[in-house]
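**Q** Mind looking over this structure? Questions follow.
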Amino acid sequence: MRVDVLAIAAHPDDVELTCGGTLLKMAQKGYRTGILDLTEGEMGTRGTRETRAKEASAAAKILRVGWRGTLGLADSDVQPTRHNKLKLAKVIREMRPKTVIVPFWEARHPDHYHASVLGYEGCFLAGLKQLPLEGSPHRPFKILYATSFEGMVPTFVVDVTPVYAERRRAILAYRSQFRPAESSKRSPVFLAIDELDSRMDLMARRYGQMIGVRYGEPFLQKEMMAVEDIVRLPVRSI
């Protein structure tokens, strides 16, 4: 199967938290979407490998994702090694996405910022004709960066207001992460996921407000954007 948009992230639930609404909007527009989890999230404090796989499958159905795969890297040890870049490049050649979404290169979790480098360089290698790798060369046209934390100054924001309820359902499909049993003991280690449900709502409102809508998802691109019609530019100035 080939896809138009491929979101790459370190762990199951990362995509849902950063660009789930955007993926659903693209699916509604008729684009083929996919998710590649670099790990199975097996080092997470909550949930087993099997549980998280079932949750990821359920979330993908809510977001109408056509394909979801796992690269099989070790959780907590995502590294942009040559071996891992080639594994990712092989998937890029197979899926042939036009747009790829990767994590922002600054993050709290080492797996996330390593995933950013791995994602970009894997896409680059996939386009090298002389690379000794299966499949014909392919390089995505656009690479976008997304994050679930403050700090990234976005290039643009996608209005996800119409799909926000489904986006939240996809996030909460990870019951082991975001709906732990009240009887379970709280970990003595700080878990950022305990704040993510409310934080994601605040972030979506904040970025939505920036473009005059209720909820938004921010993205960054490194290259300049081109505009054809300055009369029909969105977002009011005054």
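Going by the structure tokens order, chains are called A, B, ..., each with residues numbered from 1, while ligands are numbered from 1 in the order shown.
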DSSP on the backbone: which residues in range 53-145 of chain A end up as strand (DSSP E or B)? Give the answer as a ChimeraX atom specification.
**A** /A:67-70,99-103,142-145
**Q** Taking only C-alpha atoms into account, produce a table as a Markdown table in which each residue of range 3-49 of chain A with an atom at most 12 Å from an atom of range 160-163 of chain A appears once, together with its shortest atom pair and the distance in Å to one decimal, ordered by chain and rising number.
**A**
```
| residue | atom | partner | partner_atom | distance |
| --- | --- | --- | --- | --- |
| A:Thr18 | CA | A:Val160 | CA | 11.5 |
| A:Cys19 | CA | A:Val160 | CA | 9.4 |
| A:Gly20 | CA | A:Val160 | CA | 9.1 |
| A:Gly21 | CA | A:Val160 | CA | 5.5 |
| A:Thr22 | CA | A:Val160 | CA | 6.5 |
| A:Leu23 | CA | A:Val160 | CA | 9.7 |
| A:Leu24 | CA | A:Val163 | CA | 7.2 |
| A:Lys25 | CA | A:Val163 | CA | 7.2 |
| A:Met26 | CA | A:Val160 | CA | 10.7 |
| A:Ala27 | CA | A:Val163 | CA | 11.2 |
| A:Gln28 | CA | A:Val163 | CA | 9.9 |
```
**Q** Please give the complete set of residues from range 9-44 of chain A that DSSP, run on the backbone, assigns to alpha helix (DSSP H), formatted as a PDB file with N, CA and C atoms, in the first residue's frame.
**A**
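Output below, filename out21.pdb:
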```pdb
ATOM      1  N   ASP A  14       2.119   8.991  20.068  1.00  0.00           N
ATOM      2  CA  ASP A  14       2.772  10.265  19.749  1.00  0.00           C
ATOM      3  C   ASP A  14       2.080  10.978  18.594  1.00  0.00           C
ATOM      4  N   VAL A  15       1.742  10.229  17.555  1.00  0.00           N
ATOM      5  CA  VAL A  15       1.084  10.836  16.399  1.00  0.00           C
ATOM      6  C   VAL A  15      -0.279  11.392  16.782  1.00  0.00           C
ATOM      7  N   GLU A  16      -1.033  10.618  17.568  1.00  0.00           N
ATOM      8  CA  GLU A  16      -2.355  11.082  17.979  1.00  0.00           C
ATOM      9  C   GLU A  16      -2.268  12.399  18.742  1.00  0.00           C
ATOM     10  N   LEU A  17      -1.220  12.556  19.543  1.00  0.00           N
ATOM     11  CA  LEU A  17      -1.061  13.748  20.359  1.00  0.00           C
ATOM     12  C   LEU A  17      -0.582  14.961  19.567  1.00  0.00           C
ATOM     13  N   THR A  18       0.067  14.748  18.455  1.00  0.00           N
ATOM     14  CA  THR A  18       0.648  15.870  17.722  1.00  0.00           C
ATOM     15  C   THR A  18      -0.097  16.247  16.449  1.00  0.00           C
ATOM     16  N   CYS A  19      -0.554  15.246  15.696  1.00  0.00           N
ATOM     17  CA  CYS A  19      -1.153  15.566  14.404  1.00  0.00           C
ATOM     18  C   CYS A  19      -2.318  14.648  14.044  1.00  0.00           C
ATOM     19  N   GLY A  20      -2.942  14.062  15.053  1.00  0.00           N
ATOM     20  CA  GLY A  20      -4.056  13.151  14.794  1.00  0.00           C
ATOM     21  C   GLY A  20      -5.213  13.809  14.071  1.00  0.00           C
ATOM     22  N   GLY A  21      -5.544  15.024  14.475  1.00  0.00           N
ATOM     23  CA  GLY A  21      -6.646  15.739  13.830  1.00  0.00           C
ATOM     24  C   GLY A  21      -6.348  16.040  12.374  1.00  0.00           C
ATOM     25  N   THR A  22      -5.112  16.404  12.094  1.00  0.00           N
ATOM     26  CA  THR A  22      -4.714  16.694  10.720  1.00  0.00           C
ATOM     27  C   THR A  22      -4.789  15.446   9.850  1.00  0.00           C
ATOM     28  N   LEU A  23      -4.329  14.311  10.380  1.00  0.00           N
ATOM     29  CA  LEU A  23      -4.418  13.066   9.610  1.00  0.00           C
ATOM     30  C   LEU A  23      -5.868  12.727   9.283  1.00  0.00           C
ATOM     31  N   LEU A  24      -6.757  12.911  10.241  1.00  0.00           N
ATOM     32  CA  LEU A  24      -8.170  12.623   9.999  1.00  0.00           C
ATOM     33  C   LEU A  24      -8.739  13.560   8.943  1.00  0.00           C
ATOM     34  N   LYS A  25      -8.390  14.838   8.999  1.00  0.00           N
ATOM     35  CA  LYS A  25      -8.865  15.786   7.984  1.00  0.00           C
ATOM     36  C   LYS A  25      -8.366  15.388   6.599  1.00  0.00           C
ATOM     37  N   MET A  26      -7.118  14.946   6.508  1.00  0.00           N
ATOM     38  CA  MET A  26      -6.584  14.532   5.217  1.00  0.00           C
ATOM     39  C   MET A  26      -7.307  13.286   4.702  1.00  0.00           C
ATOM     40  N   ALA A  27      -7.612  12.362   5.600  1.00  0.00           N
ATOM     41  CA  ALA A  27      -8.364  11.165   5.200  1.00  0.00           C
ATOM     42  C   ALA A  27      -9.743  11.548   4.688  1.00  0.00           C
ATOM     43  N   GLN A  28     -10.368  12.512   5.341  1.00  0.00           N
ATOM     44  CA  GLN A  28     -11.685  12.975   4.908  1.00  0.00           C
ATOM     45  C   GLN A  28     -11.636  13.639   3.536  1.00  0.00           C
TER      46      GLN A  28
END
```
**Q** Just want the 10 Å neighbourhood of range 50-62 of chain A, counted on only C-alpha atoms, with same-chain residues fewer than 5 positions away dropped. Output as a PyMOL selection string.
**A** chain A and resi 11-13+15-16+20+23-24+33-35+37+40-42+44+67-70+166-177
**Q** Mind dumping the selected residues with C-alpha atoms as a compact mmCIF listing (two decimals), in the first residue's frame?
**A**
```txt
# COMPACT_ATOMS: atom_id res chain seq x y z
CA HIS A 11 6.01 5.68 20.26
CA PRO A 12 2.38 4.63 19.83
CA ASP A 13 0.18 7.64 20.80
CA VAL A 15 1.08 10.84 16.40
CA GLU A 16 -2.35 11.08 17.98
CA GLY A 20 -4.06 13.15 14.79
CA LEU A 23 -4.42 13.07 9.61
CA LEU A 24 -8.17 12.62 10.00
CA THR A 33 -2.71 8.31 5.34
CA GLY A 34 -0.30 6.17 7.32
CA ILE A 35 1.49 6.02 10.67
CA ASP A 37 5.71 3.96 15.02
CA GLU A 40 6.19 -0.47 20.32
CA GLY A 41 6.36 1.68 23.45
CA GLU A 42 7.46 -1.33 25.48
CA GLY A 44 6.43 2.75 29.10
CA TRP A 67 -1.89 1.80 7.16
CA ARG A 68 -0.01 1.57 10.43
CA GLY A 69 3.32 -0.15 10.95
CA THR A 70 6.14 -0.48 13.46
CA GLU A 166 -12.56 12.23 17.16
CA ARG A 167 -8.98 13.37 17.77
CA ARG A 168 -9.57 13.24 21.52
CA ARG A 169 -11.23 9.82 21.25
CA ALA A 170 -8.15 8.55 19.43
CA ILE A 171 -5.90 9.84 22.21
CA LEU A 172 -8.06 8.33 24.92
CA ALA A 173 -8.09 5.01 23.06
CA TYR A 174 -4.77 4.53 24.84
CA ARG A 175 -6.54 3.61 28.05
CA SER A 176 -3.42 2.20 29.66
CA GLN A 177 -1.72 5.58 29.30
```
**Q** What lies within 9 Å of Val91 in chain A using only C-alpha atoms, ignoring chain neighbours under 6 positions off, as a VMD selection string?
**A** chain A and resid 36 71 126
**Q** With N, CA and C atoms retained, write the just-selected residues as a PDB file, in the first residue's frame.
**A**
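File written: selection17.pdb
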```pdb
ATOM      1  N   LEU A  36       3.801   5.416  11.051  1.00  0.00           N
ATOM      2  CA  LEU A  36       4.897   4.505  11.338  1.00  0.00           C
ATOM      3  C   LEU A  36       5.414   4.789  12.740  1.00  0.00           C
ATOM      4  N   LEU A  71       8.488   0.040  13.116  1.00  0.00           N
ATOM      5  CA  LEU A  71       9.821  -0.209  12.587  1.00  0.00           C
ATOM      6  C   LEU A  71      10.596  -1.204  13.443  1.00  0.00           C
ATOM      7  N   ALA A 126      16.385   7.440   1.188  1.00  0.00           N
ATOM      8  CA  ALA A 126      15.446   6.706   0.340  1.00  0.00           C
ATOM      9  C   ALA A 126      15.487   7.178  -1.105  1.00  0.00           C
TER      10      ALA A 126
END
```
**Q** For Lys142 in chain A, please output as a list in words all residues within 7 Å (counting only C-alpha atoms; exclusion window: fewer than 3 positions along the same chain).
**A**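 My reading of the contact set: Lys98, Thr99 and Val100 of chain A.
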**Q** Please identify all polymer residues within 8 Å of Gly119 in chain A, counting only C-alpha atoms, omitting same-chain residues fewer than 2 positions from it, and present them as a PyMOL selection string.
**A** chain A and resi 8+85+88+102+115-117+121-123
